[in-house]
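Participant: Before I ask anything, let me first share the structure, which is written out below as structure tokens.
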Amino acid sequence: MSKDNKENITIKIDGIDVTVPSGTTILEAAKKIGVHIPTLCNHPDLTAKSTCRICVVEDTGSRRLKTACNQPVDSCKEIITNSKRVKEVRKTILQLILANHPQDCLNCIRNQKCELQELTQKENIMDNPFERIYEPVPIKDDNPSLVRDNSKCIKCGRCVQACEEIQASKAIGFNGRSTNYSIGQAFDKATDESTCVLCGKCITVCPVGALREKDDTEKVWDALANENKFVVFQTAPSVRVGLGDEFGYSSGEIVTGHMVAGIRRLGADKVIDTNFSADLTIMEEGTEFLGRLTNGGTLPMITSCSPGWINFVEKNYPDLIDHLSTCKSPQQMFGAITKTYYAEKLGVDPKDMFVVSVMPCIAKKYESKRPEMDASGYRDIDVVLTTRELARMFKENGLDISELEPEDYDSIIGHGTGAGTIFGTSGGVMEAALRTVYEVVTGEELDNVDFEAVRGHDDFKEAEVQVGDIPVRVAITSGLGNAKKLLEKIRKGEADYHFIEVMACPGGCVGGGGQPYTIKHDAREDRMEGLYKDDKQHDIRKSHENPEIKEIYEEFLGEPNSHKAHELLHTHYRNRYTKA
Amino acid sequence: MTKTIELITGTVDKSYMHSIEDYKSHRGFNGLNNAVKMDKEDIIQEIIDAKLLGRGGAGFPTGIKWRHLYSVEGEPKYIVCNADEGEPGTFKDRLFMKKDPLIVIEGMLIAAYVFGSKEGYIYIRGEYRGLFEGFELALKNAKEAGYLGENILGIEGFDFDINIISGAGAYVCGENSTLLNSIEGQAGRPRVKPPRLAEVGLFGKPTLVNNVETFANIPIILDRGAEYYRSVGTEESGGSLIVCTSGHAKNRHYFEVPVGTNLKDIIYDEELAGGTSTRKPVKFVHIGGQSGPLAFPEQFDISFDHISLRNAGLSIGTGAIVIVDESVCLVDYLKKVFEFFIDESCGKCNPCREGNQQMYILLDKFSKGEGTEKDIETMKNLAEAMMQASFCGLGQAAPTALMSALRHRESEFLAHVDKECSKCFKKEVM
């Protein structure tokens, strides 16, 4: 190991010199020369904690093996990643894990997408000298969104970290010791009694099949098979840029038309774009915002389309509930409109309507089951599927969407604008709102609809936009850990903003808990880019210019924030304060 | 010539040792009084020169540890005394806490003086709750006499107080980073390193963690001087050791002996352990607690010091010596060892959580006559993985006893393969 004056360190890894900045981990340094040290508990979004011990390597300056994920190269002499000694230890650790794992890969939701399976294959494990000590434990599925099957858990702790480090929720932790060591709510409390917001971040980081969404595909198959049901699908903005991952598309590719065709092949009666109700949200939320701004309402106003975020406020900051927009999320607006206005238009009895949402999110399952979500006189939404579940349904029916001719959404409430589509990414709701609010207030047409200041994947974005006489100060954040910082500021009266957009998942819905599994860190960025590209491809990029939106106000709702709009499109929140 | 000495136990049991006056009449606080007249770096140098090796188990040079912490920026610096004496067969720390708490307090005070610490913690294992009251009394007396609190010894700014923290019965909390987590109110599981505790320790601040016996040595070094102290022990390891004998030992007690006393004498000398109470031959001794190695009779003729033992593939650990006679089956004994570690593993890392369970299963196969030569290989591989890859000292040390058994008595495992162990397999009567 040698140091130069720029605090760079040159170290030999497997006989090859590599120069990296001081403090670089062995893992990162090895990557630079194409040496991929296997890992299991490590995850690019989380701090390294070296508990699985799979990434051990040899340092010629140390008696004991070192974990590559957290040990900086600084203190190392020379690294050997693939000596016989290292390989044997690594293999033994993996065999220990496998001896206490059900290994029922064929019945597992993560089959062929499992990091443990992949690692076992890579390490060429064909047998196991250790006795199988695996014992099944009860599955925890006491909520509408999330299933924890601890029989499959390898105790890597990624979910605990994601819940704490990214989402600031600390809903789960480690219980017991030694053979009783397990992950779950403290004292095995019910999910709803904990600070869990059902965001599903834990699912996205789980390397195995211990965590998954509650599978609702069977309910949808039943409805599709039922001749008396009129099945309407809606697809959320970010699903079109996530779904492709499951069908061999490159990350972030827009597959809208193929997806719509696929859903029709499943037997749906109508396929509708949630972008429409995103536009509707902009009309309602924009109007609400202007009302608060001019009538001295509670500011800053904060967006309310992310149900994990709503759960977070209700459970942790009930004193700030008044800051939340009263608008329902686009999903729920859609349900309320479909079973009223749309049913009437189509001449379908709303009791026969079956509304399926395809969402990038598992909290949406919970949201659809909130008792107040029945403004139409029925359950506004019958079933919520995640992007992953939709992909499974396609596969179950032998559909590879890449082989299908693209098709268009149904009308009349089926089409959204570019403003609607960017709801799927952090900053998108704000940008969509600004496009509309600006024009409504000033009566002038925007020269440039691209508000670059609110884009990108920074944790925190802020901007000041001159809207007529008012300099409107806006902030955007995503990930509940970041949102928490903003809430603390609001509580202290230090948040000098008018309007704030918050999404529960980092990057917004593109990184949602219901999106296809990927450990590729930049998938979110690709999907984000995909949505901005989709926005550009739309002829109409402002919600208030959507002809179907104009029509629904003229024919049915009257004005934004009208009495009828309030009845169907707005909601209220509860104090569900829970101690962490 | 007597085998035992009174270097650090000189103030033990002489009288009622919570009394400041009694303590002072036996050279108590001489070390502290000398220290405050010295340059801080000279105090550290004195400890380095004394060749005091940490008495908690790892045997790391105490002076070097102090010198490193001294060089670390940031404050406050915390002084923590590890009194979570959890190694089975070890009761030396208990001795000081019960019968000479003031020497521990004095050791911590000297550290506080060196590092400018205002606050210290002593983490006492939960099972020792009977000792709390006496220790509290000692703290109270020290405070009343001006040895704790503000402006100690009239020195402006020399302020120090000690908090007692009770453990809750977890062996792993004796691991220093785990212990700090426990003090902070977190679950008793080890921390990821780096950063080192000297840099990011208790409440994220630079921290010194030393064992009770280590602290008890500090006043002696500062009182008698490094040269004298080192002359008691060996060239590389100064002072004395408190050895605790148990198991089949005839004399189950603690003994203070110079570092470098012959292990054979410790085991057999009538003044020390005195051989077995059963009069059966010694089969092996288990040194330094459950995480220590087994030593067999052909290894007994050795200087009982850190370096000699290390060179012989052994270690001193906590200084516990469990004597085991010929009536015990080695496999049975090791199963008990792994039962202990299965109970005490925190569960955080794979090699320890899964490894201890699998090791027990393998050993159990030998008990039942189902073990094979291939299983011996599997045990060796597993032991290697646990030692090399466990997260903390607990898992790393868990297979130590097994490894020494396999190194020196593989034959006894093979005897189980052939069902020849007379303790496990009764010969069928024809």
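Chain labels follow the order of the structure tokens: the first chain is A, the next B, and so on; residue numbering restarts at 1 in every chain, and ligands are counted from 1 in their shown order.
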Identify, on the basis of only C-alpha atoms, every residue whose closest approach to Pro207 (chain A) does not exceed 7 Å; exclude the query and any residue fewer than 4 positions from it along the same chain; express the result as number ranges by chain.

Facilitator: A: 114-116

Participant: Near Ile105 (chain B), counting only C-alpha atoms, which residues have an atom at most 12 Å away, once you skip same-chain residues fewer than 6 positions from it, shown as a PyMOL selection string?

Facilitator: chain B and resi 18+20+23+28-29+31-32+79-81+96-97+111-112+120-122+135-143+147-148+160-164+212-219

Participant: Filtering to C-alpha atoms, could you give me those residues as a PDB file, in the first residue's frame?

Facilitator:
```pdb
ATOM      1  CA  HIS B  18     -14.912   0.674  51.581  1.00  0.00           C
ATOM      2  CA  ILE B  20     -10.958   5.568  52.623  1.00  0.00           C
ATOM      3  CA  TYR B  23      -7.376   2.050  52.047  1.00  0.00           C
ATOM      4  CA  GLY B  28      -4.140   3.509  48.858  1.00  0.00           C
ATOM      5  CA  PHE B  29      -4.185   6.592  46.566  1.00  0.00           C
ATOM      6  CA  GLY B  31      -0.569   5.954  42.783  1.00  0.00           C
ATOM      7  CA  LEU B  32      -3.019   8.775  42.172  1.00  0.00           C
ATOM      8  CA  ILE B  79     -13.640   6.126  30.989  1.00  0.00           C
ATOM      9  CA  VAL B  80     -15.446   2.810  31.069  1.00  0.00           C
ATOM     10  CA  CYS B  81     -14.644  -0.091  33.356  1.00  0.00           C
ATOM     11  CA  PHE B  96     -11.891  -6.397  43.546  1.00  0.00           C
ATOM     12  CA  MET B  97     -15.415  -5.105  43.335  1.00  0.00           C
ATOM     13  CA  ALA B 111      -7.244   7.428  33.664  1.00  0.00           C
ATOM     14  CA  ALA B 112      -9.656  10.332  34.151  1.00  0.00           C
ATOM     15  CA  GLY B 120     -16.822   7.317  33.983  1.00  0.00           C
ATOM     16  CA  TYR B 121     -18.966   4.217  33.883  1.00  0.00           C
ATOM     17  CA  ILE B 122     -18.567   0.855  35.491  1.00  0.00           C
ATOM     18  CA  PHE B 135     -19.492  -0.453  45.310  1.00  0.00           C
ATOM     19  CA  GLU B 136     -21.939   2.378  45.753  1.00  0.00           C
ATOM     20  CA  LEU B 137     -20.745   2.808  49.314  1.00  0.00           C
ATOM     21  CA  ALA B 138     -17.162   2.986  48.102  1.00  0.00           C
ATOM     22  CA  LEU B 139     -18.159   5.639  45.568  1.00  0.00           C
ATOM     23  CA  LYS B 140     -19.987   7.578  48.245  1.00  0.00           C
ATOM     24  CA  ASN B 141     -17.031   7.442  50.625  1.00  0.00           C
ATOM     25  CA  ALA B 142     -14.642   8.462  47.868  1.00  0.00           C
ATOM     26  CA  LYS B 143     -16.844  11.391  47.015  1.00  0.00           C
ATOM     27  CA  TYR B 147     -11.694  11.718  45.539  1.00  0.00           C
ATOM     28  CA  LEU B 148     -14.698  12.080  43.268  1.00  0.00           C
ATOM     29  CA  PHE B 160     -14.737  13.097  37.809  1.00  0.00           C
ATOM     30  CA  ASP B 161     -17.717  10.956  38.697  1.00  0.00           C
ATOM     31  CA  ILE B 162     -18.469   7.289  38.175  1.00  0.00           C
ATOM     32  CA  ASN B 163     -21.861   5.842  37.237  1.00  0.00           C
ATOM     33  CA  ILE B 164     -22.753   2.243  37.932  1.00  0.00           C
ATOM     34  CA  VAL B 212     -11.499  -4.277  36.332  1.00  0.00           C
ATOM     35  CA  GLU B 213      -8.209  -6.075  36.990  1.00  0.00           C
ATOM     36  CA  THR B 214      -6.460  -3.856  34.448  1.00  0.00           C
ATOM     37  CA  PHE B 215      -7.652  -0.747  36.302  1.00  0.00           C
ATOM     38  CA  ALA B 216      -6.591  -2.336  39.586  1.00  0.00           C
ATOM     39  CA  ASN B 217      -3.026  -2.594  38.251  1.00  0.00           C
ATOM     40  CA  ILE B 218      -2.760   1.079  37.336  1.00  0.00           C
ATOM     41  CA  PRO B 219      -2.383   2.496  40.890  1.00  0.00           C
TER      42      PRO B 219
END
```

Participant: Could you list, as a compact mmCIF listing (two decimals) with N, CA, C and O atoms, in the first residue's frame, every residue of chain B that has an atom within 10 Å of an atom of chain A, counting only C-alpha atoms?

Facilitator:
```
# COMPACT_ATOMS: atom_id res chain seq x y z
N ALA B 170 -26.26 -10.79 29.72
CA ALA B 170 -25.80 -11.24 28.41
C ALA B 170 -24.27 -11.30 28.39
O ALA B 170 -23.61 -10.29 28.59
N ALA B 187 -29.71 -2.51 22.22
CA ALA B 187 -29.60 -3.95 22.35
C ALA B 187 -28.13 -4.35 22.41
O ALA B 187 -27.28 -3.71 21.80
N GLY B 188 -27.86 -5.40 23.17
CA GLY B 188 -26.49 -5.86 23.36
C GLY B 188 -25.96 -6.63 22.16
O GLY B 188 -25.93 -7.84 22.16
N ARG B 189 -25.60 -5.87 21.12
CA ARG B 189 -25.00 -6.50 19.94
C ARG B 189 -23.79 -5.68 19.55
O ARG B 189 -23.79 -4.45 19.68
N ARG B 191 -20.74 -3.62 17.70
CA ARG B 191 -20.76 -2.57 16.69
C ARG B 191 -19.82 -2.92 15.54
O ARG B 191 -18.84 -3.63 15.73
N VAL B 192 -20.14 -2.33 14.40
CA VAL B 192 -19.27 -2.50 13.25
C VAL B 192 -18.03 -1.62 13.44
O VAL B 192 -18.11 -0.49 13.92
N LYS B 193 -16.86 -2.21 13.13
CA LYS B 193 -15.61 -1.45 13.24
C LYS B 193 -14.87 -1.53 11.90
O LYS B 193 -14.85 -2.60 11.32
N PRO B 194 -14.18 -0.50 11.44
CA PRO B 194 -14.05 0.79 12.09
C PRO B 194 -15.38 1.55 12.12
O PRO B 194 -16.26 1.13 11.40
N PRO B 195 -15.49 2.63 12.88
CA PRO B 195 -14.46 3.29 13.68
C PRO B 195 -14.14 2.55 14.97
O PRO B 195 -14.97 1.79 15.47
N PHE B 341 -22.35 -21.29 24.02
CA PHE B 341 -22.28 -20.28 22.96
C PHE B 341 -23.59 -20.16 22.18
O PHE B 341 -23.90 -19.09 21.66
N ILE B 342 -24.32 -21.26 22.06
CA ILE B 342 -25.64 -21.16 21.40
C ILE B 342 -26.52 -20.22 22.22
O ILE B 342 -27.23 -19.38 21.69
N ASP B 343 -26.46 -20.37 23.55
CA ASP B 343 -27.23 -19.47 24.42
C ASP B 343 -26.80 -18.02 24.28
O ASP B 343 -27.63 -17.12 24.32
N GLU B 344 -25.50 -17.82 24.16
CA GLU B 344 -24.97 -16.46 24.33
C GLU B 344 -24.72 -15.70 23.04
O GLU B 344 -24.46 -14.52 23.07
N SER B 345 -24.78 -16.37 21.89
CA SER B 345 -24.59 -15.67 20.63
C SER B 345 -25.67 -14.58 20.51
O SER B 345 -26.82 -14.82 20.88
N CYS B 346 -25.30 -13.42 20.02
CA CYS B 346 -26.32 -12.37 19.89
C CYS B 346 -27.20 -12.63 18.68
O CYS B 346 -28.32 -12.16 18.61
N GLY B 347 -26.68 -13.37 17.71
CA GLY B 347 -27.48 -13.74 16.54
C GLY B 347 -27.24 -12.89 15.32
O GLY B 347 -27.76 -13.13 14.25
N LYS B 348 -26.39 -11.89 15.48
CA LYS B 348 -26.23 -10.90 14.42
C LYS B 348 -25.55 -11.46 13.16
O LYS B 348 -25.96 -11.16 12.05
N CYS B 349 -24.50 -12.24 13.32
CA CYS B 349 -23.77 -12.70 12.13
C CYS B 349 -23.94 -14.19 11.91
O CYS B 349 -24.15 -14.96 12.84
N ASN B 350 -23.83 -14.59 10.65
CA ASN B 350 -24.06 -15.98 10.28
C ASN B 350 -23.08 -16.98 10.90
O ASN B 350 -23.51 -18.01 11.41
N PRO B 351 -21.76 -16.72 10.84
CA PRO B 351 -20.85 -17.76 11.34
C PRO B 351 -21.12 -18.12 12.79
O PRO B 351 -21.04 -19.30 13.17
N CYS B 352 -21.47 -17.14 13.60
CA CYS B 352 -21.68 -17.40 15.02
C CYS B 352 -23.07 -17.97 15.27
O CYS B 352 -23.23 -19.00 15.93
N ARG B 353 -24.11 -17.31 14.74
CA ARG B 353 -25.48 -17.75 15.00
C ARG B 353 -25.71 -19.17 14.48
O ARG B 353 -26.23 -20.03 15.19
N GLU B 354 -25.33 -19.41 13.25
CA GLU B 354 -25.58 -20.72 12.64
C GLU B 354 -24.47 -21.71 13.01
O GLU B 354 -24.72 -22.89 13.21
N GLY B 355 -23.24 -21.18 13.09
CA GLY B 355 -22.09 -22.06 13.30
C GLY B 355 -22.14 -22.79 14.63
O GLY B 355 -21.88 -24.00 14.70
N ASN B 356 -22.50 -22.08 15.70
CA ASN B 356 -22.53 -22.75 17.01
C ASN B 356 -23.58 -23.87 17.04
O ASN B 356 -23.34 -24.93 17.61
N GLN B 357 -24.71 -23.62 16.40
CA GLN B 357 -25.74 -24.67 16.36
C GLN B 357 -25.25 -25.89 15.60
O GLN B 357 -25.44 -27.03 16.02
N GLN B 358 -24.61 -25.63 14.45
CA GLN B 358 -24.15 -26.75 13.63
C GLN B 358 -23.02 -27.51 14.31
O GLN B 358 -22.92 -28.73 14.20
N MET B 359 -22.19 -26.78 15.05
CA MET B 359 -21.08 -27.44 15.73
C MET B 359 -21.63 -28.36 16.81
O MET B 359 -21.14 -29.48 16.99
N ILE B 361 -24.51 -29.86 16.76
CA ILE B 361 -25.12 -31.01 16.06
C ILE B 361 -24.04 -32.02 15.66
O ILE B 361 -24.19 -33.23 15.83
N LEU B 362 -22.92 -31.49 15.16
CA LEU B 362 -21.82 -32.38 14.75
C LEU B 362 -21.26 -33.14 15.95
O LEU B 362 -21.04 -34.36 15.90
N LYS B 374 -15.25 -37.69 8.06
CA LYS B 374 -15.59 -36.53 7.25
C LYS B 374 -16.17 -35.41 8.14
O LYS B 374 -15.93 -34.23 7.89
N ASP B 375 -16.89 -35.82 9.18
CA ASP B 375 -17.43 -34.82 10.10
C ASP B 375 -16.31 -34.07 10.83
O ASP B 375 -16.46 -32.89 11.17
N GLU B 377 -13.50 -33.30 9.49
CA GLU B 377 -13.09 -32.30 8.50
C GLU B 377 -14.08 -31.12 8.49
O GLU B 377 -13.69 -29.96 8.45
N THR B 378 -15.37 -31.47 8.52
CA THR B 378 -16.40 -30.43 8.51
C THR B 378 -16.25 -29.53 9.73
O THR B 378 -16.35 -28.30 9.64
N MET B 379 -15.98 -30.15 10.89
CA MET B 379 -15.81 -29.35 12.12
C MET B 379 -14.62 -28.41 11.97
O MET B 379 -14.67 -27.25 12.40
N ASN B 381 -13.35 -27.18 9.18
CA ASN B 381 -13.71 -26.09 8.25
C ASN B 381 -14.62 -25.07 8.91
O ASN B 381 -14.47 -23.86 8.73
N LEU B 382 -15.58 -25.58 9.66
CA LEU B 382 -16.53 -24.69 10.31
C LEU B 382 -15.83 -23.84 11.36
O LEU B 382 -16.06 -22.62 11.45
N ALA B 383 -14.95 -24.48 12.14
CA ALA B 383 -14.20 -23.74 13.16
C ALA B 383 -13.38 -22.63 12.51
O ALA B 383 -13.34 -21.50 12.98
N GLU B 384 -12.76 -22.97 11.39
CA GLU B 384 -11.95 -21.98 10.67
C GLU B 384 -12.83 -20.80 10.22
O GLU B 384 -12.48 -19.64 10.40
N ALA B 385 -14.00 -21.13 9.66
CA ALA B 385 -14.89 -20.06 9.19
C ALA B 385 -15.36 -19.19 10.35
O ALA B 385 -15.42 -17.97 10.24
N MET B 386 -15.67 -19.84 11.49
CA MET B 386 -16.13 -19.06 12.64
C MET B 386 -15.02 -18.15 13.16
O MET B 386 -15.25 -16.99 13.49
N MET B 387 -13.81 -18.71 13.25
CA MET B 387 -12.70 -17.91 13.79
C MET B 387 -12.33 -16.78 12.85
O MET B 387 -12.02 -15.68 13.27
N GLN B 388 -12.37 -17.07 11.55
CA GLN B 388 -11.94 -16.09 10.56
C GLN B 388 -13.00 -15.03 10.29
O GLN B 388 -12.66 -13.90 9.97
N ALA B 389 -14.24 -15.42 10.35
CA ALA B 389 -15.26 -14.54 9.76
C ALA B 389 -16.35 -14.07 10.71
O ALA B 389 -17.22 -13.32 10.30
N SER B 390 -16.33 -14.50 11.98
CA SER B 390 -17.38 -14.01 12.88
C SER B 390 -17.25 -12.52 13.10
O SER B 390 -16.16 -11.96 13.01
N PHE B 391 -18.37 -11.90 13.41
CA PHE B 391 -18.42 -10.44 13.57
C PHE B 391 -17.59 -9.97 14.75
O PHE B 391 -16.89 -8.99 14.69
N GLN B 396 -15.66 -15.54 17.12
CA GLN B 396 -14.29 -15.87 16.72
C GLN B 396 -13.65 -16.83 17.70
O GLN B 396 -12.86 -17.69 17.33
```

Participant: Find the distance between CA of Pro281 (chain B) and CA of Ile376 (chain B) and write it in Å to one decimal.

Facilitator: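 CA of Ile376 (chain B) lies at a distance of 26.9 Å from CA of Pro281 (chain B).
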
Participant: What is the distance, in Å and to one decimal place, between CA of Gly244 (chain A) and CA of Met528 (chain A)?

Facilitator: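 Computed distance, CA of Gly244 (chain A) to CA of Met528 (chain A), equals 13.7 Å.
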
Participant: At a cut-off of 8 Å, using only C-alpha atoms, what residues contact Gly86 (chain B)? Leave out same-chain residues fewer than 2 positions from it and give the result as a PDB file with C-alpha atoms, in the first residue's frame.

Facilitator:
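Heads up, here's the output in out00.pdb:
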```pdb
ATOM      1  CA  ASP B  84     -19.193  -7.703  32.997  1.00  0.00           C
ATOM      2  CA  PRO B  88     -17.355 -19.155  33.238  1.00  0.00           C
ATOM      3  CA  THR B  90     -13.696 -16.420  36.251  1.00  0.00           C
ATOM      4  CA  ARG B 125     -22.763  -7.855  35.180  1.00  0.00           C
ATOM      5  CA  TYR B 171     -22.310 -12.697  28.069  1.00  0.00           C
ATOM      6  CA  GLY B 174     -18.516  -8.197  27.901  1.00  0.00           C
TER       7      GLY B 174
END
```

Participant: Using DSSP on the backbone coordinates, identify the residues of region 183-414 of chain B assigned to alpha helix (DSSP H); present them as a ChimeraX atom specification.

Facilitator: /B:183,212-224,226-232,263-268,306-311,330-344,350-367,373-389,393-397,400-414

Participant: Excluding same-chain residues fewer than 5 positions from Glu407 (chain A), what lies within 10 Å of it counting only C-alpha atoms, as a PyMOL selection string?

Facilitator: chain A and resi 256-264

Participant: Using only C-alpha atoms, determine which residues lie at most 10 Å from Arg524 (chain A), disregarding the query and same-chain residues fewer than 3 positions distant; provide the list as JSON, numbers by chain.

Facilitator: {"A": [241, 242, 251, 252, 425, 457, 506, 507, 508, 509, 510, 511, 512, 515, 518, 520, 521, 527, 528, 529, 530]}

Participant: Can those selected residues be exported to a file as a compact mmCIF listing (two decimals), in the first residue's frame so that it contains all heavy atoms?

Facilitator:
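Contents of result_2.txt, freshly written:
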```txt
# COMPACT_ATOMS: atom_id res chain seq x y z
N VAL A 241 -42.95 2.90 -16.95
CA VAL A 241 -41.48 2.91 -17.09
C VAL A 241 -40.82 1.87 -16.19
O VAL A 241 -39.60 1.73 -16.18
CB VAL A 241 -40.88 4.31 -16.79
CG1 VAL A 241 -41.21 5.28 -17.93
CG2 VAL A 241 -41.36 4.85 -15.45
N GLY A 242 -41.62 1.14 -15.41
CA GLY A 242 -41.06 0.10 -14.54
C GLY A 242 -41.32 -1.30 -15.07
O GLY A 242 -40.46 -2.17 -15.00
N SER A 251 -33.80 -0.69 -18.82
CA SER A 251 -34.33 0.00 -17.65
C SER A 251 -34.92 1.36 -18.03
O SER A 251 -34.28 2.16 -18.73
CB SER A 251 -33.18 0.16 -16.67
OG SER A 251 -33.62 0.71 -15.48
N GLY A 252 -36.13 1.63 -17.58
CA GLY A 252 -36.75 2.95 -17.77
C GLY A 252 -37.48 3.11 -19.10
O GLY A 252 -38.00 4.19 -19.40
N THR A 425 -42.69 10.78 -10.74
CA THR A 425 -41.32 11.04 -10.29
C THR A 425 -41.30 12.20 -9.31
O THR A 425 -42.15 13.09 -9.36
CB THR A 425 -40.39 11.35 -11.50
OG1 THR A 425 -39.14 11.80 -11.01
CG2 THR A 425 -40.99 12.39 -12.41
N HIS A 457 -32.79 13.98 -8.93
CA HIS A 457 -33.00 13.06 -7.81
C HIS A 457 -32.30 13.51 -6.54
O HIS A 457 -31.95 12.72 -5.70
CB HIS A 457 -32.60 11.64 -8.19
CG HIS A 457 -31.60 11.59 -9.28
ND1 HIS A 457 -30.30 11.88 -9.09
CD2 HIS A 457 -31.76 11.34 -10.61
CE1 HIS A 457 -29.68 11.80 -10.25
NE2 HIS A 457 -30.52 11.49 -11.18
N PRO A 506 -37.89 7.25 -2.15
CA PRO A 506 -36.83 8.05 -2.77
C PRO A 506 -36.99 8.07 -4.29
O PRO A 506 -37.16 7.03 -4.90
CB PRO A 506 -35.55 7.30 -2.38
CG PRO A 506 -35.91 6.54 -1.13
CD PRO A 506 -37.36 6.16 -1.32
N GLY A 507 -36.98 9.26 -4.84
CA GLY A 507 -37.14 9.40 -6.29
C GLY A 507 -38.60 9.44 -6.70
O GLY A 507 -38.91 9.62 -7.88
N GLY A 508 -39.50 9.24 -5.76
CA GLY A 508 -40.93 9.21 -6.09
C GLY A 508 -41.36 7.80 -6.48
O GLY A 508 -40.68 6.82 -6.18
N CYS A 509 -42.51 7.71 -7.19
CA CYS A 509 -43.11 6.40 -7.48
C CYS A 509 -42.22 5.53 -8.36
O CYS A 509 -42.36 4.31 -8.35
CB CYS A 509 -44.45 6.57 -8.15
SG CYS A 509 -45.53 7.69 -7.24
N VAL A 510 -41.32 6.14 -9.12
CA VAL A 510 -40.40 5.33 -9.94
C VAL A 510 -39.62 4.35 -9.06
O VAL A 510 -39.21 3.30 -9.51
CB VAL A 510 -39.43 6.20 -10.75
CG1 VAL A 510 -40.15 6.88 -11.90
CG2 VAL A 510 -38.71 7.23 -9.87
N GLY A 511 -39.42 4.74 -7.80
CA GLY A 511 -38.71 3.87 -6.87
C GLY A 511 -39.65 3.23 -5.86
O GLY A 511 -39.24 2.89 -4.76
N GLY A 512 -40.91 3.06 -6.23
CA GLY A 512 -41.92 2.58 -5.30
C GLY A 512 -41.73 1.13 -4.86
O GLY A 512 -41.03 0.35 -5.51
N GLN A 515 -42.59 -1.77 -7.43
CA GLN A 515 -41.92 -1.84 -8.73
C GLN A 515 -41.07 -3.12 -8.84
O GLN A 515 -40.69 -3.70 -7.82
CB GLN A 515 -41.01 -0.61 -8.91
CG GLN A 515 -41.76 0.71 -9.01
CD GLN A 515 -42.35 0.97 -10.40
OE1 GLN A 515 -42.85 0.06 -11.05
NE2 GLN A 515 -42.30 2.22 -10.83
N THR A 518 -35.08 -4.77 -8.43
CA THR A 518 -33.81 -4.51 -9.11
C THR A 518 -32.82 -4.05 -8.07
O THR A 518 -33.17 -3.30 -7.18
CB THR A 518 -33.96 -3.45 -10.22
OG1 THR A 518 -32.67 -3.04 -10.61
CG2 THR A 518 -34.75 -2.24 -9.75
N LYS A 520 -30.18 -2.78 -9.24
CA LYS A 520 -29.45 -1.79 -10.01
C LYS A 520 -29.82 -0.41 -9.45
O LYS A 520 -30.97 0.00 -9.51
CB LYS A 520 -29.83 -1.90 -11.48
CG LYS A 520 -28.86 -1.22 -12.38
CD LYS A 520 -29.07 -1.66 -13.83
CE LYS A 520 -28.66 -0.52 -14.74
NZ LYS A 520 -29.79 0.18 -15.33
N HIS A 521 -28.83 0.24 -8.92
CA HIS A 521 -29.05 1.47 -8.20
C HIS A 521 -29.70 2.54 -9.06
O HIS A 521 -30.54 3.31 -8.62
CB HIS A 521 -27.72 1.96 -7.66
CG HIS A 521 -27.84 3.14 -6.76
ND1 HIS A 521 -28.71 3.15 -5.69
CD2 HIS A 521 -27.22 4.33 -6.75
CE1 HIS A 521 -28.60 4.32 -5.08
NE2 HIS A 521 -27.72 5.03 -5.70
N ARG A 527 -35.90 5.33 -14.90
CA ARG A 527 -37.36 5.45 -14.97
C ARG A 527 -37.76 6.92 -14.95
O ARG A 527 -38.72 7.35 -15.61
CB ARG A 527 -38.00 4.72 -13.78
CG ARG A 527 -37.85 3.20 -13.89
CD ARG A 527 -38.28 2.52 -12.60
NE ARG A 527 -37.97 1.10 -12.62
CZ ARG A 527 -37.96 0.33 -11.53
NH1 ARG A 527 -38.24 0.84 -10.34
NH2 ARG A 527 -37.67 -0.95 -11.62
N MET A 528 -37.05 7.70 -14.16
CA MET A 528 -37.31 9.14 -14.07
C MET A 528 -37.13 9.78 -15.45
O MET A 528 -37.99 10.51 -15.93
CB MET A 528 -36.31 9.74 -13.08
CG MET A 528 -36.72 11.03 -12.45
SD MET A 528 -35.48 11.55 -11.23
CE MET A 528 -36.17 10.99 -9.70
N GLU A 529 -36.02 9.45 -16.08
CA GLU A 529 -35.76 9.96 -17.43
C GLU A 529 -36.87 9.55 -18.38
O GLU A 529 -37.31 10.33 -19.22
CB GLU A 529 -34.43 9.39 -17.95
CG GLU A 529 -33.29 10.36 -17.92
CD GLU A 529 -31.99 9.67 -18.31
OE1 GLU A 529 -31.99 9.02 -19.38
OE2 GLU A 529 -31.02 9.75 -17.53
N GLY A 530 -37.30 8.31 -18.24
CA GLY A 530 -38.36 7.78 -19.09
C GLY A 530 -39.62 8.62 -18.98
O GLY A 530 -40.27 8.94 -20.00
```
